[in-house]
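What follows is the content of model-v4.pdb (PDB, C-alpha atoms, pLDDT in the B column).
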```pdb
ATOM      1  CA  PHE A  62       0.000   0.000   0.000  1.00 45.00           C
ATOM      2  CA  PHE A  63       2.751   2.443   0.977  1.00 45.00           C
ATOM      3  CA  PHE A  64       4.573   1.884  -2.297  1.00 48.00           C
ATOM      4  CA  ALA A  65       1.410   2.254  -4.352  1.00 49.00           C
ATOM      5  CA  VAL A  66       0.730   5.609  -2.662  1.00 44.00           C
ATOM      6  CA  PHE A  67       4.386   6.545  -3.167  1.00 49.00           C
ATOM      7  CA  LEU A  68       4.154   5.844  -6.914  1.00 49.00           C
ATOM      8  CA  LEU A  69       1.002   7.938  -7.173  1.00 46.00           C
ATOM      9  CA  GLY A  70       2.793  10.782  -5.401  1.00 48.00           C
ATOM     10  CA  VAL A  71       5.724  10.612  -7.786  1.00 47.00           C
ATOM     11  CA  GLN A  72       3.435  10.547 -10.807  1.00 47.00           C
ATOM     12  CA  ALA A  73       1.377  13.477  -9.527  1.00 45.00           C
ATOM     13  CA  SER A  74       4.535  15.552  -9.095  1.00 46.00           C
ATOM     14  CA  LEU A  75       5.679  14.682 -12.607  1.00 45.00           C
ATOM     15  CA  MET A  76       2.315  15.486 -14.146  1.00 41.00           C
ATOM     16  CA  ILE A  77       1.947  18.930 -12.567  1.00 36.00           C
ATOM     17  CA  GLY A  78       5.630  19.771 -12.857  1.00 43.00           C
ATOM     18  CA  THR A  79       6.298  20.272  -9.157  1.00 41.00           C
ATOM     19  CA  ARG A  80       9.106  18.995  -7.030  1.00 41.00           C
ATOM     20  CA  PHE A  81       8.187  15.737  -5.291  1.00 39.00           C
ATOM     21  CA  SER A  82       7.974  16.020  -1.499  1.00 40.00           C
ATOM     22  CA  TRP A  83       8.859  13.278   0.958  1.00 39.00           C
ATOM     23  CA  ARG A  84       6.827  14.838   3.778  1.00 39.00           C
ATOM     24  CA  PRO A  85       3.706  12.626   3.392  1.00 37.00           C
ATOM     25  CA  TYR A  86       5.837   9.503   3.615  1.00 40.00           C
ATOM     26  CA  ARG A  87       7.872  10.284   6.722  1.00 38.00           C
ATOM     27  CA  ALA A  88       5.144   8.761   8.892  1.00 39.00           C
ATOM     28  CA  ALA A  89       5.828   5.431   7.203  1.00 40.00           C
ATOM     29  CA  ALA A  90       8.756   4.900   9.566  1.00 38.00           C
ATOM     30  CA  LYS A  91       6.217   4.470  12.373  1.00 39.00           C
ATOM     31  CA  LEU A  92       4.748   1.446  10.603  1.00 42.00           C
ATOM     32  CA  ILE A  93       7.858  -0.727  10.966  1.00 40.00           C
ATOM     33  CA  THR A  94       6.904  -3.463  13.390  1.00 42.00           C
ATOM     34  CA  ARG A  95       9.734  -5.939  13.156  1.00 42.00           C
ATOM     35  CA  ALA A  96      13.166  -6.246  11.604  1.00 45.00           C
ATOM     36  CA  SER A  97      16.502  -7.872  12.283  1.00 46.00           C
ATOM     37  CA  TYR A  98      18.932  -5.592  14.087  1.00 46.00           C
ATOM     38  CA  THR A  99      22.431  -5.659  15.505  1.00 49.00           C
ATOM     39  CA  THR A 100      23.103  -6.362  19.162  1.00 49.00           C
ATOM     40  CA  ASP A 101      23.866  -2.683  19.819  1.00 56.00           C
ATOM     41  CA  ASN A 102      20.567  -1.623  18.210  1.00 62.00           C
ATOM     42  CA  GLY A 103      22.470   0.088  15.416  1.00 59.00           C
ATOM     43  CA  THR A 104      23.991   2.753  17.672  1.00 68.00           C
ATOM     44  CA  THR A 105      27.445   2.257  16.156  1.00 79.00           C
ATOM     45  CA  LYS A 106      26.477   2.507  12.505  1.00 87.00           C
ATOM     46  CA  PHE A 107      23.553   4.908  13.014  1.00 87.00           C
ATOM     47  CA  PRO A 108      24.500   6.936  16.115  1.00 88.00           C
ATOM     48  CA  THR A 109      22.071   9.855  15.796  1.00 90.00           C
ATOM     49  CA  THR A 110      18.289  10.035  15.923  1.00 89.00           C
ATOM     50  CA  GLU A 111      18.292  11.410  12.384  1.00 90.00           C
ATOM     51  CA  SER A 112      20.414   8.552  11.023  1.00 90.00           C
ATOM     52  CA  LYS A 113      18.211   5.935  12.713  1.00 88.00           C
ATOM     53  CA  ALA A 114      15.053   7.602  11.382  1.00 90.00           C
ATOM     54  CA  SER A 115      16.586   7.831   7.899  1.00 88.00           C
ATOM     55  CA  TYR A 116      17.491   4.151   7.981  1.00 87.00           C
ATOM     56  CA  GLY A 117      13.987   3.318   9.206  1.00 87.00           C
ATOM     57  CA  LEU A 118      12.386   5.170   6.313  1.00 88.00           C
ATOM     58  CA  GLY A 119      14.670   3.411   3.848  1.00 86.00           C
ATOM     59  CA  LEU A 120      13.905   0.082   5.493  1.00 86.00           C
ATOM     60  CA  LYS A 121      10.182   0.690   5.190  1.00 84.00           C
ATOM     61  CA  ILE A 122      10.500   1.530   1.497  1.00 84.00           C
ATOM     62  CA  GLY A 123      12.488  -1.675   0.975  1.00 83.00           C
ATOM     63  CA  VAL A 124      10.014  -3.837   2.893  1.00 78.00           C
ATOM     64  CA  ASP A 125       7.082  -2.402   0.965  1.00 78.00           C
ATOM     65  CA  LEU A 126       8.837  -2.868  -2.356  1.00 78.00           C
ATOM     66  CA  ALA A 127       9.541  -6.496  -1.469  1.00 75.00           C
ATOM     67  CA  ASN A 128       5.871  -7.021  -0.604  1.00 69.00           C
ATOM     68  CA  THR A 129       4.500  -5.614  -3.859  1.00 72.00           C
ATOM     69  CA  SER A 130       4.235  -7.101  -7.319  1.00 70.00           C
ATOM     70  CA  PHE A 131       6.963  -4.756  -8.585  1.00 79.00           C
ATOM     71  CA  LYS A 132       9.680  -7.150  -9.682  1.00 79.00           C
ATOM     72  CA  GLY A 133      13.120  -6.283 -10.999  1.00 82.00           C
ATOM     73  CA  VAL A 134      13.839  -3.295  -8.748  1.00 86.00           C
ATOM     74  CA  ASP A 135      17.197  -1.754  -9.705  1.00 88.00           C
ATOM     75  CA  GLU A 136      18.745  -0.861  -6.339  1.00 89.00           C
ATOM     76  CA  THR A 137      21.393   1.409  -7.849  1.00 90.00           C
ATOM     77  CA  ALA A 138      18.799   3.404  -9.779  1.00 91.00           C
ATOM     78  CA  LEU A 139      16.578   3.547  -6.695  1.00 88.00           C
ATOM     79  CA  TYR A 140      19.386   4.933  -4.518  1.00 88.00           C
ATOM     80  CA  GLU A 141      20.364   7.488  -7.172  1.00 91.00           C
ATOM     81  CA  GLY A 142      16.772   8.637  -7.535  1.00 89.00           C
ATOM     82  CA  ILE A 143      16.453   9.138  -3.782  1.00 88.00           C
ATOM     83  CA  SER A 144      19.762  10.997  -3.672  1.00 91.00           C
ATOM     84  CA  ASP A 145      18.869  13.263  -6.604  1.00 90.00           C
ATOM     85  CA  GLY A 146      15.505  14.042  -5.027  1.00 89.00           C
ATOM     86  CA  LEU A 147      16.989  14.820  -1.620  1.00 88.00           C
ATOM     87  CA  HIS A 148      19.636  17.139  -3.066  1.00 91.00           C
ATOM     88  CA  GLY A 149      17.438  18.838  -5.638  1.00 91.00           C
ATOM     89  CA  ARG A 150      19.539  17.718  -8.568  1.00 91.00           C
ATOM     90  CA  THR A 151      18.282  17.635 -12.128  1.00 91.00           C
ATOM     91  CA  THR A 152      16.656  14.332 -13.011  1.00 90.00           C
ATOM     92  CA  GLN A 153      18.828  11.919 -14.956  1.00 92.00           C
ATOM     93  CA  VAL A 154      15.822  10.680 -16.946  1.00 91.00           C
ATOM     94  CA  GLU A 155      13.386  12.887 -18.855  1.00 92.00           C
ATOM     95  CA  VAL A 156      10.060  13.468 -17.121  1.00 89.00           C
ATOM     96  CA  GLU A 157       8.020  11.945 -19.953  1.00 92.00           C
ATOM     97  CA  THR A 158      10.177   8.825 -19.857  1.00 93.00           C
ATOM     98  CA  LEU A 159       9.801   8.555 -16.077  1.00 90.00           C
ATOM     99  CA  ARG A 160       6.035   8.934 -16.344  1.00 90.00           C
ATOM    100  CA  ALA A 161       5.846   6.230 -18.995  1.00 93.00           C
ATOM    101  CA  ALA A 162       8.010   3.858 -16.941  1.00 90.00           C
ATOM    102  CA  LEU A 163       5.958   4.381 -13.773  1.00 89.00           C
ATOM    103  CA  THR A 164       2.704   3.842 -15.683  1.00 89.00           C
ATOM    104  CA  LYS A 165       4.040   0.631 -17.200  1.00 89.00           C
ATOM    105  CA  VAL A 166       5.164  -0.681 -13.803  1.00 88.00           C
ATOM    106  CA  GLN A 167       1.810   0.149 -12.227  1.00 86.00           C
ATOM    107  CA  GLN A 168      -0.003  -1.685 -15.021  1.00 88.00           C
ATOM    108  CA  ALA A 169       2.210  -4.736 -14.533  1.00 85.00           C
ATOM    109  CA  MET A 170       1.544  -4.617 -10.780  1.00 83.00           C
ATOM    110  CA  ARG A 171      -2.224  -4.434 -11.345  1.00 81.00           C
ATOM    111  CA  GLU A 172      -2.074  -7.444 -13.663  1.00 84.00           C
ATOM    112  CA  ALA A 173       0.014  -9.418 -11.162  1.00 81.00           C
ATOM    113  CA  ASP A 174      -2.359  -8.511  -8.325  1.00 80.00           C
ATOM    114  CA  ALA A 175      -5.353  -9.584 -10.423  1.00 81.00           C
ATOM    115  CA  GLU A 176      -3.715 -12.965 -10.908  1.00 83.00           C
ATOM    116  CA  LYS A 177      -3.114 -13.277  -7.163  1.00 82.00           C
ATOM    117  CA  LYS A 178      -6.746 -12.374  -6.498  1.00 87.00           C
ATOM    118  CA  GLN A 179      -8.143 -15.006  -8.864  1.00 90.00           C
ATOM    119  CA  PRO A 180      -8.264 -17.872  -6.284  1.00 91.00           C
ATOM    120  CA  GLU A 181     -10.282 -15.644  -3.958  1.00 93.00           C
ATOM    121  CA  GLU A 182     -12.716 -14.698  -6.712  1.00 93.00           C
ATOM    122  CA  ASP A 183     -13.148 -18.358  -7.689  1.00 95.00           C
ATOM    123  CA  PHE A 184     -13.861 -19.343  -4.081  1.00 95.00           C
ATOM    124  CA  LEU A 185     -16.401 -16.567  -3.524  1.00 96.00           C
ATOM    125  CA  ARG A 186     -18.213 -17.319  -6.798  1.00 96.00           C
ATOM    126  CA  ILE A 187     -18.630 -20.999  -5.922  1.00 97.00           C
ATOM    127  CA  ASN A 188     -19.378 -20.364  -2.250  1.00 97.00           C
ATOM    128  CA  GLY A 189     -21.941 -17.678  -3.021  1.00 97.00           C
ATOM    129  CA  ALA A 190     -23.931 -20.140  -5.126  1.00 97.00           C
ATOM    130  CA  ARG A 191     -24.341 -22.586  -2.232  1.00 97.00           C
ATOM    131  CA  GLU A 192     -27.778 -22.940  -0.654  1.00 97.00           C
ATOM    132  CA  GLY A 193     -28.061 -20.917   2.531  1.00 97.00           C
ATOM    133  CA  VAL A 194     -25.291 -18.449   1.695  1.00 98.00           C
ATOM    134  CA  ALA A 195     -26.388 -14.834   1.263  1.00 98.00           C
ATOM    135  CA  THR A 196     -24.301 -12.130  -0.432  1.00 98.00           C
ATOM    136  CA  THR A 197     -24.666  -8.427   0.344  1.00 97.00           C
ATOM    137  CA  ALA A 198     -24.095  -5.534  -2.046  1.00 97.00           C
ATOM    138  CA  SER A 199     -20.549  -5.102  -0.738  1.00 97.00           C
ATOM    139  CA  GLY A 200     -19.648  -8.716  -1.515  1.00 97.00           C
ATOM    140  CA  LEU A 201     -19.810  -9.960   2.079  1.00 98.00           C
ATOM    141  CA  GLN A 202     -21.147 -13.512   2.254  1.00 98.00           C
ATOM    142  CA  PHE A 203     -22.749 -15.126   5.287  1.00 98.00           C
ATOM    143  CA  GLU A 204     -24.850 -18.039   6.414  1.00 98.00           C
ATOM    144  CA  VAL A 205     -26.940 -18.155   9.563  1.00 98.00           C
ATOM    145  CA  LEU A 206     -25.929 -21.017  11.848  1.00 97.00           C
ATOM    146  CA  GLN A 207     -28.233 -19.943  14.666  1.00 97.00           C
ATOM    147  CA  THR A 208     -30.844 -17.206  14.658  1.00 97.00           C
ATOM    148  CA  GLY A 209     -30.949 -14.573  17.369  1.00 96.00           C
ATOM    149  CA  THR A 210     -33.900 -12.936  19.075  1.00 94.00           C
ATOM    150  CA  GLY A 211     -32.244  -9.956  20.715  1.00 96.00           C
ATOM    151  CA  ALA A 212     -31.483  -6.413  19.611  1.00 97.00           C
ATOM    152  CA  THR A 213     -29.269  -5.478  16.659  1.00 97.00           C
ATOM    153  CA  PRO A 214     -26.203  -3.332  17.402  1.00 97.00           C
ATOM    154  CA  GLY A 215     -25.356  -0.117  15.607  1.00 97.00           C
ATOM    155  CA  ALA A 216     -21.988   0.896  14.239  1.00 95.00           C
ATOM    156  CA  THR A 217     -21.024   2.718  17.443  1.00 96.00           C
ATOM    157  CA  SER A 218     -22.330   0.022  19.798  1.00 97.00           C
ATOM    158  CA  THR A 219     -19.940  -1.872  22.036  1.00 97.00           C
ATOM    159  CA  ILE A 220     -20.588  -5.598  21.867  1.00 97.00           C
ATOM    160  CA  LYS A 221     -19.319  -8.852  23.291  1.00 97.00           C
ATOM    161  CA  ALA A 222     -18.767 -11.763  20.907  1.00 97.00           C
ATOM    162  CA  HIS A 223     -17.117 -15.141  20.584  1.00 97.00           C
ATOM    163  CA  TYR A 224     -15.474 -15.964  17.267  1.00 97.00           C
ATOM    164  CA  LYS A 225     -13.178 -18.267  15.343  1.00 97.00           C
ATOM    165  CA  GLY A 226     -11.247 -17.168  12.267  1.00 97.00           C
ATOM    166  CA  THR A 227      -9.890 -19.413   9.498  1.00 96.00           C
ATOM    167  CA  LEU A 228      -8.556 -19.128   5.973  1.00 96.00           C
ATOM    168  CA  ILE A 229     -10.307 -20.822   3.060  1.00 94.00           C
ATOM    169  CA  ASP A 230      -7.902 -23.760   3.373  1.00 93.00           C
ATOM    170  CA  GLY A 231      -9.039 -24.320   6.967  1.00 94.00           C
ATOM    171  CA  THR A 232      -6.006 -22.780   8.685  1.00 95.00           C
ATOM    172  CA  GLU A 233      -7.146 -21.286  11.979  1.00 96.00           C
ATOM    173  CA  PHE A 234      -5.492 -17.972  12.843  1.00 95.00           C
ATOM    174  CA  ASP A 235      -7.514 -16.777  15.843  1.00 95.00           C
ATOM    175  CA  SER A 236     -10.150 -18.010  18.290  1.00 96.00           C
ATOM    176  CA  SER A 237     -11.685 -16.427  21.352  1.00 96.00           C
ATOM    177  CA  TYR A 238     -13.101 -19.857  22.166  1.00 96.00           C
ATOM    178  CA  LYS A 239      -9.595 -21.253  22.589  1.00 96.00           C
ATOM    179  CA  ARG A 240      -8.646 -18.302  24.774  1.00 95.00           C
ATOM    180  CA  GLY A 241     -11.695 -19.015  26.908  1.00 95.00           C
ATOM    181  CA  GLU A 242     -12.872 -15.413  26.846  1.00 96.00           C
ATOM    182  CA  PRO A 243     -15.113 -13.482  24.428  1.00 96.00           C
ATOM    183  CA  MET A 244     -13.925 -10.205  22.937  1.00 96.00           C
ATOM    184  CA  THR A 245     -15.504  -6.834  23.738  1.00 97.00           C
ATOM    185  CA  PHE A 246     -15.129  -4.053  21.170  1.00 96.00           C
ATOM    186  CA  GLN A 247     -16.865  -1.220  19.350  1.00 96.00           C
ATOM    187  CA  VAL A 248     -18.531  -2.388  16.153  1.00 96.00           C
ATOM    188  CA  ASP A 249     -16.916   0.195  13.872  1.00 95.00           C
ATOM    189  CA  ARG A 250     -13.390  -0.451  15.209  1.00 95.00           C
ATOM    190  CA  VAL A 251     -12.859  -3.746  13.369  1.00 95.00           C
ATOM    191  CA  ILE A 252     -12.501  -4.768   9.709  1.00 95.00           C
ATOM    192  CA  LYS A 253     -15.294  -3.649   7.388  1.00 97.00           C
ATOM    193  CA  GLY A 254     -16.720  -7.138   6.905  1.00 97.00           C
ATOM    194  CA  TRP A 255     -17.208  -7.567  10.648  1.00 97.00           C
ATOM    195  CA  THR A 256     -18.821  -4.155  11.024  1.00 97.00           C
ATOM    196  CA  GLU A 257     -21.308  -4.791   8.228  1.00 98.00           C
ATOM    197  CA  ALA A 258     -22.261  -8.237   9.513  1.00 97.00           C
ATOM    198  CA  LEU A 259     -22.666  -7.210  13.151  1.00 97.00           C
ATOM    199  CA  CYS A 260     -25.049  -4.418  12.136  1.00 97.00           C
ATOM    200  CA  LEU A 261     -27.279  -7.100  10.584  1.00 97.00           C
ATOM    201  CA  MET A 262     -27.127  -9.656  13.400  1.00 98.00           C
ATOM    202  CA  GLN A 263     -29.308  -9.998  16.490  1.00 97.00           C
ATOM    203  CA  VAL A 264     -28.018 -10.855  19.929  1.00 97.00           C
ATOM    204  CA  GLY A 265     -28.000 -14.635  20.314  1.00 97.00           C
ATOM    205  CA  ALA A 266     -27.214 -15.257  16.646  1.00 98.00           C
ATOM    206  CA  THR A 267     -24.259 -17.183  15.285  1.00 98.00           C
ATOM    207  CA  TRP A 268     -23.241 -16.466  11.708  1.00 98.00           C
ATOM    208  CA  ARG A 269     -20.484 -17.773   9.474  1.00 98.00           C
ATOM    209  CA  LEU A 270     -18.946 -14.882   7.575  1.00 98.00           C
ATOM    210  CA  TYR A 271     -16.998 -15.131   4.327  1.00 98.00           C
ATOM    211  CA  ILE A 272     -15.193 -11.806   4.151  1.00 97.00           C
ATOM    212  CA  PRO A 273     -13.537 -10.809   0.845  1.00 96.00           C
ATOM    213  CA  SER A 274     -10.075  -9.306   1.155  1.00 95.00           C
ATOM    214  CA  ASP A 275     -11.274  -5.828   0.227  1.00 94.00           C
ATOM    215  CA  LEU A 276     -13.465  -5.909   3.357  1.00 96.00           C
ATOM    216  CA  ALA A 277     -10.591  -7.282   5.436  1.00 95.00           C
ATOM    217  CA  TYR A 278      -6.835  -6.751   4.985  1.00 92.00           C
ATOM    218  CA  GLY A 279      -6.744  -6.312   1.217  1.00 88.00           C
ATOM    219  CA  GLU A 280      -3.456  -6.294  -0.650  1.00 82.00           C
ATOM    220  CA  ARG A 281      -1.480  -5.829   2.582  1.00 80.00           C
ATOM    221  CA  GLY A 282      -2.455  -8.987   4.423  1.00 83.00           C
ATOM    222  CA  ALA A 283      -1.787  -9.203   8.159  1.00 85.00           C
ATOM    223  CA  GLY A 284       1.161 -10.943   9.747  1.00 80.00           C
ATOM    224  CA  ASP A 285       2.622 -14.165   8.414  1.00 81.00           C
ATOM    225  CA  VAL A 286      -0.632 -16.144   8.121  1.00 89.00           C
ATOM    226  CA  ILE A 287      -3.115 -13.783   6.473  1.00 91.00           C
ATOM    227  CA  LEU A 288      -1.530 -13.202   3.080  1.00 88.00           C
ATOM    228  CA  PRO A 289      -2.514 -10.448   0.626  1.00 87.00           C
ATOM    229  CA  PHE A 290      -5.905 -10.978  -1.032  1.00 91.00           C
ATOM    230  CA  SER A 291      -7.048 -13.504   1.591  1.00 94.00           C
ATOM    231  CA  THR A 292     -10.732 -14.244   2.096  1.00 96.00           C
ATOM    232  CA  LEU A 293     -11.367 -14.730   5.813  1.00 97.00           C
ATOM    233  CA  ILE A 294     -13.978 -17.061   7.312  1.00 98.00           C
ATOM    234  CA  PHE A 295     -15.325 -16.222  10.752  1.00 97.00           C
ATOM    235  CA  ASP A 296     -17.850 -17.987  12.943  1.00 98.00           C
ATOM    236  CA  VAL A 297     -19.241 -15.123  15.025  1.00 98.00           C
ATOM    237  CA  GLU A 298     -21.513 -15.537  18.053  1.00 98.00           C
ATOM    238  CA  LEU A 299     -23.058 -12.231  19.145  1.00 98.00           C
ATOM    239  CA  LEU A 300     -23.434 -12.551  22.897  1.00 98.00           C
ATOM    240  CA  GLU A 301     -24.358  -9.116  24.170  1.00 97.00           C
ATOM    241  CA  ILE A 302     -24.669  -5.420  23.415  1.00 97.00           C
ATOM    242  CA  VAL A 303     -22.673  -3.889  26.253  1.00 96.00           C
ATOM    243  CA  GLU A 304     -23.599  -0.285  25.475  1.00 89.00           C
TER     244      GLU A 304
END
```
If you convert what's in this file into structure tokens, what do you get?
Amino acid sequence: FFFAVFLLGVQASLMIGTRFSWRPYRAAAKLITRASYTTDNGTTKFPTTESKASYGLGLKIGVDLANTSFKGVDETALYEGISDGLHGRTTQVEVETLRAALTKVQQAMREADAEKKQPEEDFLRINGAREGVATTASGLQFEVLQTGTGATPGATSTIKAHYKGTLIDGTEFDSSYKRGEPMTFQVDRVIKGWTEALCLMQVGATWRLYIPSDLAYGERGAGDVILPFSTLIFDVELLEIVE
């Protein structure tokens, strides 16, 4: 996601003839959650706050590049582009040529992402045709395992629910049942698929949700188990509206 936004920022600057600014992307350093590091936490090689922050921003760009469909990154060209931008030097490649290259890369990335998304689309098409499975306008699919008779929460309601989450291959990645304790949260503070479903459920109901990736974690994925473009399956038991 970061790199896609970055590319759009570069292209926008090229199209309107302005100098590209790094300011919107400095916050990306905050998104780094894990990385290998030396035993001295880098204090020898990167002794200042500025050098650590600079390395962190570069690390984030590298991680995001590695996690996109952009293949064949030329590290030397990448470093030179960053250096030229930072120092305000004249571009080494004509603007029209840069724009054409960025457009071509973006198109290739979209095609690669579409290919990655195909298994999800196949699953949802077949699953949505099964008896008992309903599909909403957003693409959320669900089947009612147990009807409820209580109230229906709103988007700002705080609710208590038990749940189990799996991938379409059956891999379980989370379960409040196994933890022995339901989760309490505000309805609009979770992924979109959950929010939509909970606003349709009644207390006492148990639904099985089939949440497309664009209503979950999209092209980013989450952690090592939920990969990009993953449909998530949740059994959700709505226990109580707390407030």
_Between A:Tyr116, A:Trp255, A:Tyr278, A:Phe234, which residue has the minimum interatomic distance to Gln202 of chain A, considering all atoms listed in the file?_
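Ranked by minimum distance to Gln202 of chain A, first place goes to A:Trp255.
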*On this structure, which residues satisfy the PyMOL selection byres ((chain A and resi 291-299) around 7), written as a list in words?*
Glu181, Lys221, Ala222, His223, Tyr224, Lys225, Gly226, Thr227, Leu228, Ile229, Val264, Gly265, Ala266, Thr267, Trp268, Arg269, Leu270, Tyr271, Ile272, Pro273, Ser274, Ile287, Leu288, Pro289, Phe290, Leu300 and Glu301 of chain A
Selection under test: the PyMOL selection byres ((chain A and resi 304) around 7); residues as an mmCIF file with C-alpha atoms, in the coordinates of the input:
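Okay, out14.cif is ready:
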```cif
data_model
loop_
_atom_site.group_PDB
_atom_site.id
_atom_site.type_symbol
_atom_site.label_atom_id
_atom_site.label_comp_id
_atom_site.auth_asym_id
_atom_site.auth_seq_id
_atom_site.Cartn_x
_atom_site.Cartn_y
_atom_site.Cartn_z
ATOM 1 C CA SER A 218 -22.330 0.022 19.798
ATOM 2 C CA THR A 219 -19.940 -1.872 22.036
ATOM 3 C CA ILE A 302 -24.669 -5.420 23.415
ATOM 4 C CA VAL A 303 -22.673 -3.889 26.253
#
```
*Hey, what comes out of the PyMOL selection byres ((chain A and resi 164-171) around 10) on this file? Could you write it as a VMD selection string?*
chain A and resid 65 68 to 69 72 129 to 132 158 to 163 172 to 177
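Interatomic distance, atom CA of Gln247 of chain A to atom CA of Cys260 of chain A: 11.4 Å.
Of note, atom CA of Pro214 of chain A and atom CA of Gln263 of chain A are spaced 7.4 Å apart.
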_Considering all atoms listed in the file, can you say which of A:Leu185, A:Ile143, A:Ala138, A:Leu201 comes closest to Leu118 of chain A?_
A:Ile143
